[in-house]
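Here's structure.tsv, which has TSV, C-alpha atoms and all ligand atoms:
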```tsv
chain	number	residue	atom	x	y	z
N	11	MET	CA	-26.07	12.57	-13.34
N	12	THR	CA	-22.50	13.61	-14.08
N	13	ASN	CA	-20.10	12.19	-16.59
N	14	TYR	CA	-16.61	11.25	-15.49
N	15	ARG	CA	-13.48	9.37	-16.61
N	16	ALA	CA	-12.49	6.10	-14.94
N	17	LEU	CA	-10.05	3.21	-15.12
N	18	TYR	CA	-12.15	0.32	-16.41
N	19	ILE	CA	-11.00	-3.30	-16.33
N	20	ARG	CA	-12.69	-5.69	-18.75
N	21	GLU	CA	-12.46	-9.42	-19.34
N	22	ASP	CA	-12.68	-10.54	-22.98
N	23	ASP	CA	-14.09	-13.81	-24.34
N	24	ASN	CA	-10.67	-15.49	-24.06
N	25	GLY	CA	-10.43	-14.66	-20.36
N	26	ASP	CA	-7.82	-11.94	-20.98
N	27	PHE	CA	-8.03	-8.64	-19.11
N	28	THR	CA	-7.68	-5.15	-20.57
N	29	GLN	CA	-7.48	-1.81	-18.81
N	30	SER	CA	-8.60	1.45	-20.38
N	31	ILE	CA	-9.87	4.90	-19.45
N	32	VAL	CA	-13.56	5.21	-20.29
N	33	ASN	CA	-16.45	7.64	-19.79
N	34	ARG	CA	-18.86	6.67	-17.02
N	35	ASP	CA	-21.78	8.34	-15.33
N	36	THR	CA	-22.52	8.84	-11.62
N	37	SER	CA	-25.81	6.98	-12.19
N	38	ASP	CA	-23.63	3.86	-12.80
N	39	LEU	CA	-22.39	4.02	-9.19
N	40	PRO	CA	-23.97	1.94	-6.40
N	41	GLU	CA	-26.55	3.40	-4.02
N	42	ASN	CA	-24.35	4.41	-1.07
N	43	ASP	CA	-24.40	7.33	1.38
N	44	VAL	CA	-21.81	9.72	0.02
N	45	LEU	CA	-20.88	10.83	-3.49
N	46	ILE	CA	-17.25	12.00	-3.62
N	47	LYS	CA	-15.56	13.86	-6.43
N	48	VAL	CA	-12.12	12.27	-6.50
N	49	GLN	CA	-9.10	14.52	-6.88
N	50	PHE	CA	-6.22	12.12	-6.23
N	51	SER	CA	-5.70	8.37	-5.96
N	52	SER	CA	-2.58	6.22	-5.94
N	53	LEU	CA	-1.32	2.93	-7.35
N	54	ASN	CA	-0.94	-0.16	-5.21
N	55	PHE	CA	0.05	-3.76	-5.91
N	56	LYS	CA	-3.57	-4.74	-5.20
N	57	ASP	CA	-4.75	-2.41	-7.99
N	58	ALA	CA	-2.38	-4.23	-10.34
N	59	MET	CA	-3.74	-7.58	-9.14
N	60	ALA	CA	-7.33	-6.45	-9.84
N	61	ALA	CA	-6.31	-5.03	-13.21
N	62	HIS	CA	-4.87	-8.42	-14.14
N	63	GLY	CA	-7.99	-10.32	-13.17
N	64	ASN	CA	-7.12	-11.61	-9.69
N	65	ARG	CA	-10.49	-12.89	-8.42
N	66	GLY	CA	-9.25	-12.81	-4.84
N	67	VAL	CA	-9.35	-9.02	-5.21
N	68	THR	CA	-12.21	-8.48	-7.69
N	69	ARG	CA	-14.80	-11.14	-8.40
N	70	GLU	CA	-16.69	-9.56	-11.29
N	71	PHE	CA	-15.68	-7.59	-14.35
N	72	PRO	CA	-16.01	-5.04	-15.88
N	73	HIS	CA	-14.80	-3.09	-12.90
N	74	GLN	CA	-13.81	0.48	-11.97
N	75	GLY	CA	-10.47	0.10	-10.16
N	76	GLY	CA	-8.67	1.98	-7.41
N	77	ILE	CA	-8.38	1.03	-3.71
N	78	ASP	CA	-7.87	4.56	-2.38
N	79	ALA	CA	-9.11	8.08	-3.01
N	80	ALA	CA	-8.94	11.64	-1.72
N	81	GLY	CA	-11.53	14.18	-2.76
N	82	VAL	CA	-14.46	16.41	-1.91
N	83	VAL	CA	-17.98	15.38	-0.87
N	84	GLU	CA	-20.51	16.33	-3.51
N	85	GLN	CA	-23.72	14.76	-2.11
N	86	SER	CA	-24.32	13.17	1.27
N	87	ALA	CA	-27.20	11.24	2.81
N	88	SER	CA	-25.20	10.99	6.06
N	89	ASP	CA	-25.14	13.55	8.87
N	90	ALA	CA	-21.43	12.86	9.27
N	91	PHE	CA	-20.52	14.57	5.98
N	92	LYS	CA	-21.71	17.56	3.99
N	93	PRO	CA	-20.96	18.85	0.49
N	94	GLY	CA	-17.56	20.50	0.35
N	95	ASP	CA	-15.95	18.31	3.04
N	96	LYS	CA	-12.46	17.13	2.13
N	97	VAL	CA	-12.21	13.38	2.72
N	98	VAL	CA	-10.06	10.27	2.32
N	99	VAL	CA	-11.15	6.68	1.69
N	100	THR	CA	-8.88	3.63	1.80
N	101	GLY	CA	-9.59	-0.07	1.94
N	102	TYR	CA	-12.81	-1.84	2.95
N	103	ASP	CA	-14.35	-2.83	-0.36
N	104	LEU	CA	-13.26	0.26	-2.33
N	105	GLY	CA	-11.80	-0.82	-5.68
N	106	MET	CA	-12.38	-4.48	-4.91
N	107	ASN	CA	-16.05	-5.07	-5.73
N	108	THR	CA	-17.18	-1.46	-5.18
N	109	PRO	CA	-16.24	0.95	-8.01
N	110	GLY	CA	-12.90	2.43	-7.01
N	111	GLY	CA	-10.96	5.66	-6.78
N	112	LEU	CA	-9.05	5.64	-10.08
N	113	ALA	CA	-12.00	7.64	-11.37
N	114	GLY	CA	-13.70	11.02	-11.25
N	115	TYR	CA	-16.33	9.85	-8.75
N	116	ILE	CA	-16.99	7.19	-6.10
N	117	ARG	CA	-20.13	6.62	-4.02
N	118	VAL	CA	-19.39	4.83	-0.72
N	119	PRO	CA	-20.83	4.15	2.74
N	120	ALA	CA	-20.15	6.95	5.26
N	121	ALA	CA	-18.57	4.32	7.53
N	122	TRP	CA	-15.60	4.05	5.13
N	123	ILE	CA	-14.81	7.77	5.04
N	124	LEU	CA	-12.39	9.87	7.08
N	125	PRO	CA	-12.18	13.65	7.12
N	126	CYS	CA	-9.00	14.70	5.35
N	127	PRO	CA	-6.27	14.27	7.98
N	128	ARG	CA	-4.62	17.43	9.28
N	129	GLY	CA	-1.58	18.34	7.19
N	130	LEU	CA	-2.65	16.08	4.34
N	131	ALA	CA	-4.85	18.29	2.16
N	132	GLY	CA	-4.77	18.17	-1.60
N	133	LYS	CA	-2.42	15.61	-2.98
N	134	ARG	CA	-0.55	15.05	0.28
N	135	SER	CA	-2.77	12.25	1.62
N	136	MET	CA	-2.45	10.22	-1.57
N	137	GLN	CA	1.33	10.70	-1.57
N	138	PHE	CA	1.03	8.19	1.26
N	139	GLY	CA	-2.15	6.41	0.13
N	140	THR	CA	-2.80	2.83	1.18
N	141	ALA	CA	0.95	2.17	0.96
N	142	GLY	CA	1.82	4.83	3.52
N	143	LEU	CA	-1.02	3.84	5.81
N	144	THR	CA	0.22	0.24	5.71
N	145	ALA	CA	3.83	1.26	6.36
N	146	GLN	CA	2.71	3.29	9.39
N	147	LEU	CA	0.60	0.39	10.72
N	148	CYS	CA	3.60	-1.96	10.36
N	149	ILE	CA	5.83	0.45	12.28
N	150	ASN	CA	3.18	0.83	14.98
N	151	LYS	CA	2.97	-2.95	15.47
N	152	LEU	CA	6.76	-3.15	15.75
N	153	THR	CA	7.01	-0.34	18.26
N	154	GLN	CA	4.10	-1.77	20.28
N	155	MET	CA	6.28	-4.88	20.63
N	156	GLY	CA	9.07	-2.76	22.08
N	157	LEU	CA	11.19	-1.97	19.02
N	158	THR	CA	13.32	1.11	19.62
N	159	PRO	CA	16.25	2.49	17.60
N	160	ASP	CA	18.82	1.31	20.17
N	161	ARG	CA	17.79	-2.35	19.66
N	162	GLY	CA	19.56	-2.52	16.29
N	163	GLN	CA	18.93	-2.54	12.54
N	164	VAL	CA	15.46	-2.75	11.01
N	165	LEU	CA	15.05	-4.54	7.68
N	166	VAL	CA	12.57	-3.45	4.99
N	167	THR	CA	11.94	-5.88	2.13
N	168	GLY	CA	10.61	-4.82	-1.28
N	169	ALA	CA	12.22	-1.53	-0.35
N	170	THR	CA	11.77	0.28	-3.66
N	171	GLY	CA	8.03	-0.51	-3.72
N	172	GLY	CA	5.24	1.68	-2.39
N	173	VAL	CA	4.91	0.24	1.11
N	174	GLY	CA	8.64	-0.52	1.32
N	175	SER	CA	9.94	2.90	0.32
N	176	ILE	CA	7.56	4.78	2.62
N	177	ALA	CA	8.48	2.39	5.46
N	178	VAL	CA	12.18	3.16	4.85
N	179	ALA	CA	11.49	6.91	4.99
N	180	LEU	CA	9.26	6.77	8.09
N	181	LEU	CA	11.62	4.46	10.00
N	182	ALA	CA	14.67	6.59	9.18
N	183	ASN	CA	12.77	9.71	10.23
N	184	ALA	CA	11.97	8.02	13.56
N	185	GLY	CA	15.69	7.40	14.15
N	186	PHE	CA	15.99	3.74	13.11
N	187	GLU	CA	18.95	2.34	11.21
N	188	VAL	CA	17.29	0.88	8.13
N	189	VAL	CA	18.57	-1.98	5.98
N	190	ALA	CA	16.77	-1.94	2.63
N	191	SER	CA	16.43	-5.21	0.73
N	192	SER	CA	15.90	-4.69	-2.98
N	193	GLY	CA	16.16	-6.40	-6.34
N	194	LYS	CA	17.04	-3.09	-7.98
N	195	ALA	CA	20.79	-2.59	-7.56
N	196	GLN	CA	20.55	0.53	-9.72
N	197	GLN	CA	18.40	2.17	-7.03
N	198	THR	CA	20.95	1.81	-4.22
N	199	GLN	CA	21.68	5.54	-4.05
N	200	TRP	CA	17.94	6.38	-4.25
N	201	LEU	CA	17.28	4.05	-1.30
N	202	LYS	CA	20.04	5.82	0.67
N	203	ASP	CA	18.58	9.20	-0.31
N	204	ILE	CA	15.19	8.25	1.19
N	205	GLY	CA	16.76	7.01	4.43
N	206	ALA	CA	18.39	3.56	4.12
N	207	SER	CA	21.72	3.13	5.93
N	208	GLU	CA	22.55	-0.05	4.05
N	209	VAL	CA	21.16	-1.76	0.95
N	210	ILE	CA	21.27	-5.53	0.43
N	211	ASP	CA	20.42	-7.64	-2.60
N	212	ARG	CA	17.05	-9.32	-2.11
N	213	ALA	CA	18.62	-12.56	-3.42
N	214	GLU	CA	20.35	-12.82	-0.01
N	215	LEU	CA	16.94	-13.54	1.53
N	216	SER	CA	14.77	-14.99	-1.21
N	217	GLU	CA	16.00	-18.61	-1.47
N	218	PHE	CA	14.77	-21.35	0.84
N	219	ASN	CA	17.40	-22.17	3.47
N	220	LYS	CA	17.00	-25.48	5.25
N	221	ARG	CA	18.73	-24.28	8.42
N	222	PRO	CA	16.04	-23.65	11.06
N	223	MET	CA	17.76	-20.47	12.29
N	224	LEU	CA	20.26	-18.04	10.78
N	225	LYS	CA	22.67	-15.54	12.34
N	226	GLU	CA	20.84	-13.01	14.54
N	227	ARG	CA	20.86	-9.80	12.56
N	228	PHE	CA	17.73	-7.62	12.64
N	229	ALA	CA	15.93	-6.15	15.64
N	230	GLY	CA	12.82	-5.73	13.52
N	231	ALA	CA	11.54	-5.97	9.97
N	232	VAL	CA	8.78	-4.76	7.68
N	233	ASP	CA	8.12	-7.50	5.14
N	234	VAL	CA	6.02	-6.93	2.02
N	235	VAL	CA	7.41	-9.96	0.18
N	236	GLY	CA	6.22	-13.07	2.06
N	237	GLY	CA	7.36	-16.49	0.77
N	238	ASP	CA	10.83	-17.81	1.55
N	239	THR	CA	11.98	-14.22	2.14
N	240	LEU	CA	9.68	-14.01	5.16
N	241	GLY	CA	10.91	-17.41	6.33
N	242	ASN	CA	14.51	-16.19	6.21
N	243	VAL	CA	13.63	-12.90	7.90
N	244	ILE	CA	12.07	-14.76	10.84
N	245	LYS	CA	15.23	-16.89	11.13
N	246	SER	CA	17.43	-13.74	11.09
N	247	LEU	CA	15.64	-11.77	13.82
N	248	LYS	CA	17.52	-11.05	17.01
N	249	ALA	CA	16.13	-12.53	20.21
N	250	GLY	CA	12.86	-10.77	21.04
N	251	GLY	CA	12.70	-9.16	17.59
N	252	SER	CA	9.58	-8.83	15.45
N	253	VAL	CA	8.59	-8.80	11.81
N	254	ALA	CA	5.48	-7.02	10.57
N	255	CYS	CA	4.14	-9.10	7.70
N	256	CYS	CA	1.88	-7.29	5.24
N	257	GLY	CA	2.49	-8.59	1.74
N	258	LEU	CA	2.91	-11.50	-0.63
N	259	VAL	CA	4.72	-10.31	-3.75
N	260	GLN	CA	7.02	-13.36	-3.68
N	261	SER	CA	4.43	-15.84	-2.37
N	262	PRO	CA	1.65	-16.15	0.20
N	263	ALA	CA	3.20	-19.42	1.46
N	264	PHE	CA	6.38	-20.08	3.39
N	265	ASP	CA	8.06	-22.94	5.26
N	266	ALA	CA	8.84	-22.40	8.92
N	267	THR	CA	9.69	-24.22	12.12
N	268	VAL	CA	8.77	-23.11	15.60
N	269	LEU	CA	12.46	-22.86	16.58
N	270	PRO	CA	13.01	-19.08	16.17
N	271	PHE	CA	9.78	-18.52	18.10
N	272	ILE	CA	10.59	-20.79	21.02
N	273	LEU	CA	14.38	-20.33	21.16
N	274	ARG	CA	14.59	-16.62	20.38
N	275	GLY	CA	11.12	-15.42	21.32
N	276	VAL	CA	10.65	-13.67	17.99
N	277	ASN	CA	7.25	-12.33	16.89
N	278	LEU	CA	5.40	-12.60	13.60
N	279	LEU	CA	2.95	-9.67	13.45
N	280	GLY	CA	0.17	-9.57	10.87
N	281	VAL	CA	-0.81	-6.20	9.44
N	282	ASP	CA	-4.12	-5.45	7.73
N	283	SER	CA	-4.81	-1.93	6.50
N	284	VAL	CA	-8.12	-2.80	4.85
N	285	GLU	CA	-10.71	-4.03	7.36
N	286	ILE	CA	-9.38	-2.52	10.61
N	287	PRO	CA	-11.72	-0.09	12.40
N	288	LEU	CA	-11.87	3.41	10.95
N	289	SER	CA	-10.60	4.82	14.28
N	290	GLU	CA	-7.34	2.85	13.89
N	291	LYS	CA	-6.91	4.19	10.36
N	292	GLN	CA	-7.57	7.71	11.66
N	293	ALA	CA	-4.87	7.39	14.33
N	294	ALA	CA	-2.32	6.22	11.75
N	295	TRP	CA	-3.28	9.01	9.33
N	296	LYS	CA	-2.71	11.49	12.15
N	297	GLN	CA	0.83	10.16	12.49
N	298	LEU	CA	1.36	10.41	8.73
N	299	GLY	CA	0.15	14.01	8.81
N	300	ARG	CA	3.17	14.87	10.96
N	301	CYS	CA	5.48	13.45	8.26
N	302	ALA	CA	3.77	15.12	5.29
N	303	LYS	CA	6.62	17.49	4.59
N	304	LEU	CA	9.45	14.97	4.81
N	305	PRO	CA	11.65	15.55	1.73
N	306	ALA	CA	11.81	11.75	1.25
N	307	ILE	CA	8.05	11.60	0.63
N	308	ALA	CA	8.34	14.01	-2.28
N	309	LEU	CA	11.30	12.00	-3.60
N	310	ILE	CA	9.36	8.73	-3.36
N	311	ASN	CA	6.33	9.97	-5.31
N	312	THR	CA	5.84	10.26	-9.06
N	313	GLU	CA	2.67	12.00	-10.18
N	314	ILE	CA	0.85	10.72	-13.26
N	315	SER	CA	-2.48	11.50	-14.89
N	316	LEU	CA	-5.37	9.01	-15.07
N	317	LYS	CA	-4.67	8.25	-18.74
N	318	LYS	CA	-1.21	6.87	-17.84
N	319	VAL	CA	-2.64	4.43	-15.27
N	320	PRO	CA	-3.05	1.30	-17.52
N	321	GLU	CA	0.62	1.43	-18.54
N	322	ALA	CA	1.76	2.20	-14.98
N	323	LEU	CA	-0.23	-0.74	-13.56
N	324	ALA	CA	1.41	-3.15	-16.03
N	325	ASN	CA	4.80	-1.84	-14.94
N	326	LEU	CA	3.88	-2.15	-11.24
N	327	PHE	CA	2.67	-5.73	-11.75
N	328	ALA	CA	6.01	-6.58	-13.36
N	329	GLY	CA	7.87	-5.17	-10.31
N	330	GLY	CA	9.38	-2.38	-12.41
N	331	VAL	CA	8.26	0.69	-10.45
N	332	THR	CA	10.48	2.57	-8.02
N	333	GLY	CA	8.61	4.42	-5.27
N	334	HIS	CA	4.94	5.31	-5.03
N	335	THR	CA	2.70	6.56	-7.83
N	336	LEU	CA	0.29	9.40	-7.13
N	337	VAL	CA	-2.55	9.74	-9.63
N	338	LYS	CA	-4.10	13.13	-10.38
N	339	ILE	CA	-7.62	12.47	-11.52
N	340	GLY	CA	-8.37	15.79	-13.22
N	341	ARG	CA	-11.64	16.55	-15.00
F	401	LIG	N1	-1.76	-5.95	4.44
F	401	LIG	C1	-2.21	-4.85	3.86
F	401	LIG	O1	-3.16	-4.22	4.31
F	401	LIG	C2	-1.51	-4.36	2.63
F	401	LIG	C3	-1.60	-3.03	2.24
F	401	LIG	C4	-0.84	-2.59	1.13
F	401	LIG	C5	-0.07	-3.51	0.44
F	401	LIG	N2	-0.07	-4.81	0.84
F	401	LIG	C6	0.75	-5.80	0.13
F	401	LIG	O2	2.10	-5.43	0.27
F	401	LIG	C7	2.82	-5.83	-0.88
F	401	LIG	C8	3.54	-4.63	-1.47
F	401	LIG	O3	2.58	-3.71	-1.97
F	401	LIG	P1	3.07	-2.41	-2.75
F	401	LIG	O4	1.84	-1.70	-3.18
F	401	LIG	O5	4.15	-1.73	-1.99
F	401	LIG	O6	3.72	-3.12	-4.04
F	401	LIG	P2	4.87	-2.59	-5.02
F	401	LIG	O7	4.89	-1.11	-5.04
F	401	LIG	O8	4.67	-3.35	-6.28
F	401	LIG	O9	6.22	-3.07	-4.30
F	401	LIG	C9	6.58	-4.39	-4.18
F	401	LIG	C10	8.09	-4.50	-4.21
F	401	LIG	O10	8.46	-5.84	-3.87
F	401	LIG	C11	9.64	-6.21	-4.57
F	401	LIG	N3	9.34	-7.41	-5.35
F	401	LIG	C12	8.55	-7.52	-6.45
F	401	LIG	N4	8.48	-8.80	-6.85
F	401	LIG	C13	9.23	-9.52	-5.99
F	401	LIG	C14	9.56	-10.90	-5.86
F	401	LIG	N5	9.10	-11.81	-6.72
F	401	LIG	N6	10.36	-11.27	-4.85
F	401	LIG	C15	10.84	-10.38	-3.97
F	401	LIG	N7	10.57	-9.06	-4.04
F	401	LIG	C16	9.77	-8.64	-5.03
F	401	LIG	C17	10.01	-5.02	-5.46
F	401	LIG	O11	10.93	-4.22	-4.71
F	401	LIG	P3	12.54	-4.35	-4.90
F	401	LIG	O12	12.77	-4.34	-6.39
F	401	LIG	O13	13.08	-3.15	-4.21
F	401	LIG	O14	12.96	-5.66	-4.29
F	401	LIG	C18	8.71	-4.26	-5.58
F	401	LIG	O15	8.94	-2.92	-5.87
F	401	LIG	C19	1.79	-6.48	-1.81
F	401	LIG	O16	1.78	-7.88	-1.63
F	401	LIG	C20	0.49	-5.88	-1.36
F	401	LIG	O17	-0.61	-6.71	-1.67
F	401	LIG	C21	-0.76	-5.25	1.91
```
Rewrite the structure from the file as structure tokens, please.
Ligand SMILES: NC(=O)c1ccc[n+]([C@@H]2O[C@H](COP(=O)([O-])OP(=O)(O)OC[C@H]3O[C@@H](n4cnc5c(N)ncnc54)[C@H](OP(=O)(O)O)[C@@H]3O)[C@@H](O)[C@H]2O)c1
Amino acid sequence: MTNYRALYIREDDNGDFTQSIVNRDTSDLPENDVLIKVQFSSLNFKDAMAAHGNRGVTREFPHQGGIDAAGVVEQSASDAFKPGDKVVVTGYDLGMNTPGGLAGYIRVPAAWILPCPRGLAGKRSMQFGTAGLTAQLCINKLTQMGLTPDRGQVLVTGATGGVGSIAVALLANAGFEVVASSGKAQQTQWLKDIGASEVIDRAELSEFNKRPMLKERFAGAVDVVGGDTLGNVIKSLKAGGSVACCGLVQSPAFDATVLPFILRGVNLLGVDSVEIPLSEKQAAWKQLGRCAKLPAIALINTEISLKKVPEALANLFAGGVTGHTLVKIGR
């Protein structure tokens, strides 16, 4: 039994949710194959949803949050891992209904764990975290549909967020001309510094437009926003273009007609970073490992300690964060 510190989300008698850093014990963790001492985690919109009581993410409280983790194996009942192995865990049920990585320890099934990807030791894997993995999976779907830099501009919505900012950096590094859509006009220069060629106000895309199609503009798009923004993105794709849809910060619902699909042959591509096979995650992590030293990745990340997480999650939930937040777990 080992004591550790963890982000703990509680529901009070009024149905309100509070987040605090508490002492827990490894004996509190579920009976799974591998005990991991967590060194780094990161903050994601889904963590903020769980912290604010979203039952679609976490059914029961109190709950130890954190949907990703990088650390070192301490005990293993699986032949696949031994004490001392450096590992990464993202998605599946981590931080949803299984105690998560914003904590000193997790105990998870071996089937959720990847050896630390090459080039991503220490904090580097969690500088990408779930956000980076998702951005890479979005880009892969777009390129599998034939997107190449010569086809034209690629839009990224929610561009100052975790997924959005890493998508901007990875796309720019791959030679794409990136248009960043953001609600934070004050971050225009920052978006250009991480790789955007052009920055547009997200208000240009966020209102419902009753026209079934808009001017052809983007060869591809990474959309984290959903809602009417996604509807407008689909209507603004060039013929044969694609949008990778991975998020819902504006809304999970949107109005659409079939017209852009049947008149322009555009593609709506769903991206899930959570339940896909581990081998697909591993392939994407390998790609991220080649981008570990991009200066934009350092620029995108802010490192905080575990004790700052409750405040940072409130800020993230309110849409106030720029970039990606790396969390050093410490002792
Ligand atoms: N499918 C998957 O596997 C997967 C994986 C990871 C994340 N996601 C989803 O992707 C989305 C983004 O996650 P994240 O961790 O990157 O979140 P995040 O860091 O909070 O970024 C979201 C960004 O969206 C923009 N935004 C916020 N509220 C908005 C609104 N009402 N309308 C339009 N734009 C708004 C903001 O950027 P600007 O101020 O620059 O506009 C914000 O920074 C979430 O919905 C998350 O659940 C899905």
| message | Neighbouring residues of ligand LIG 401 (chain F) are defined here as those with any atom at most 6 Å from a ligand atom, counting all atoms listed in the file; list them as a ChimeraX atom specification. | response | /N:54-56,140-141,144,168-174,192-194,212,234-235,256-260,281-284,326,329,331
Selected residues, C-alpha atoms, written as a PDB file, in the coordinates of the input, please.
```pdb
ATOM      1  CA  ASN N  54      -0.940  -0.160  -5.210  1.00  0.00           C
ATOM      2  CA  PHE N  55       0.050  -3.760  -5.910  1.00  0.00           C
ATOM      3  CA  LYS N  56      -3.570  -4.740  -5.200  1.00  0.00           C
ATOM      4  CA  THR N 140      -2.800   2.830   1.180  1.00  0.00           C
ATOM      5  CA  ALA N 141       0.950   2.170   0.960  1.00  0.00           C
ATOM      6  CA  THR N 144       0.220   0.240   5.710  1.00  0.00           C
ATOM      7  CA  GLY N 168      10.610  -4.820  -1.280  1.00  0.00           C
ATOM      8  CA  ALA N 169      12.220  -1.530  -0.350  1.00  0.00           C
ATOM      9  CA  THR N 170      11.770   0.280  -3.660  1.00  0.00           C
ATOM     10  CA  GLY N 171       8.030  -0.510  -3.720  1.00  0.00           C
ATOM     11  CA  GLY N 172       5.240   1.680  -2.390  1.00  0.00           C
ATOM     12  CA  VAL N 173       4.910   0.240   1.110  1.00  0.00           C
ATOM     13  CA  GLY N 174       8.640  -0.520   1.320  1.00  0.00           C
ATOM     14  CA  SER N 192      15.900  -4.690  -2.980  1.00  0.00           C
ATOM     15  CA  GLY N 193      16.160  -6.400  -6.340  1.00  0.00           C
ATOM     16  CA  LYS N 194      17.040  -3.090  -7.980  1.00  0.00           C
ATOM     17  CA  ARG N 212      17.050  -9.320  -2.110  1.00  0.00           C
ATOM     18  CA  VAL N 234       6.020  -6.930   2.020  1.00  0.00           C
ATOM     19  CA  VAL N 235       7.410  -9.960   0.180  1.00  0.00           C
ATOM     20  CA  CYS N 256       1.880  -7.290   5.240  1.00  0.00           C
ATOM     21  CA  GLY N 257       2.490  -8.590   1.740  1.00  0.00           C
ATOM     22  CA  LEU N 258       2.910 -11.500  -0.630  1.00  0.00           C
ATOM     23  CA  VAL N 259       4.720 -10.310  -3.750  1.00  0.00           C
ATOM     24  CA  GLN N 260       7.020 -13.360  -3.680  1.00  0.00           C
ATOM     25  CA  VAL N 281      -0.810  -6.200   9.440  1.00  0.00           C
ATOM     26  CA  ASP N 282      -4.120  -5.450   7.730  1.00  0.00           C
ATOM     27  CA  SER N 283      -4.810  -1.930   6.500  1.00  0.00           C
ATOM     28  CA  VAL N 284      -8.120  -2.800   4.850  1.00  0.00           C
ATOM     29  CA  LEU N 326       3.880  -2.150 -11.240  1.00  0.00           C
ATOM     30  CA  GLY N 329       7.870  -5.170 -10.310  1.00  0.00           C
ATOM     31  CA  VAL N 331       8.260   0.690 -10.450  1.00  0.00           C
TER      32      VAL N 331
END
```
| request: Would you mind telling me which residue in N:Met223, N:Val337, N:Ala113, N:Met136 lies nearest to N:Leu273 when using all atoms listed in the file? | output: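 Smallest distance to N:Leu273 is found for N:Met223.
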| said: For stretch 289-291 of chain N, find every residue with an atom within 9 Å (counting only C-alpha atoms), except residues of its own chain fewer than 6 positions away, and show them as a PyMOL selection string. | reply: chain N and resi 100+124+143+147+283
Mind dumping the selected residues with C-alpha atoms as an mmCIF file, keeping the file's coordinate frame?
```
data_model
loop_
_atom_site.group_PDB
_atom_site.id
_atom_site.type_symbol
_atom_site.label_atom_id
_atom_site.label_comp_id
_atom_site.auth_asym_id
_atom_site.auth_seq_id
_atom_site.Cartn_x
_atom_site.Cartn_y
_atom_site.Cartn_z
ATOM 1 C CA THR N 100 -8.880 3.630 1.800
ATOM 2 C CA LEU N 124 -12.390 9.870 7.080
ATOM 3 C CA LEU N 143 -1.020 3.840 5.810
ATOM 4 C CA LEU N 147 0.600 0.390 10.720
ATOM 5 C CA SER N 283 -4.810 -1.930 6.500
#
```
| Contact residues around N:Ala16 with all atoms listed in the file at 7 Å, ignoring same-chain residues under 4 positions, as a ChimeraX atom specification | /N:31-34,74,112-114
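Minimum atom-to-atom distances from N:Phe228, N:Tyr14, N:Phe271, N:Phe264 to N:Asp160 were compared using only C-alpha atoms, and the lowest value belongs to N:Phe228.
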| query | Distance atom CA of N:Ala179-atom CA of N:Ala61, one decimal place? | reply | 28.1 Å
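Distance check against N:Val67 using only C-alpha atoms: of N:Leu39, N:Val268, N:Ile314, N:Leu104, the minimum falls on N:Leu104.
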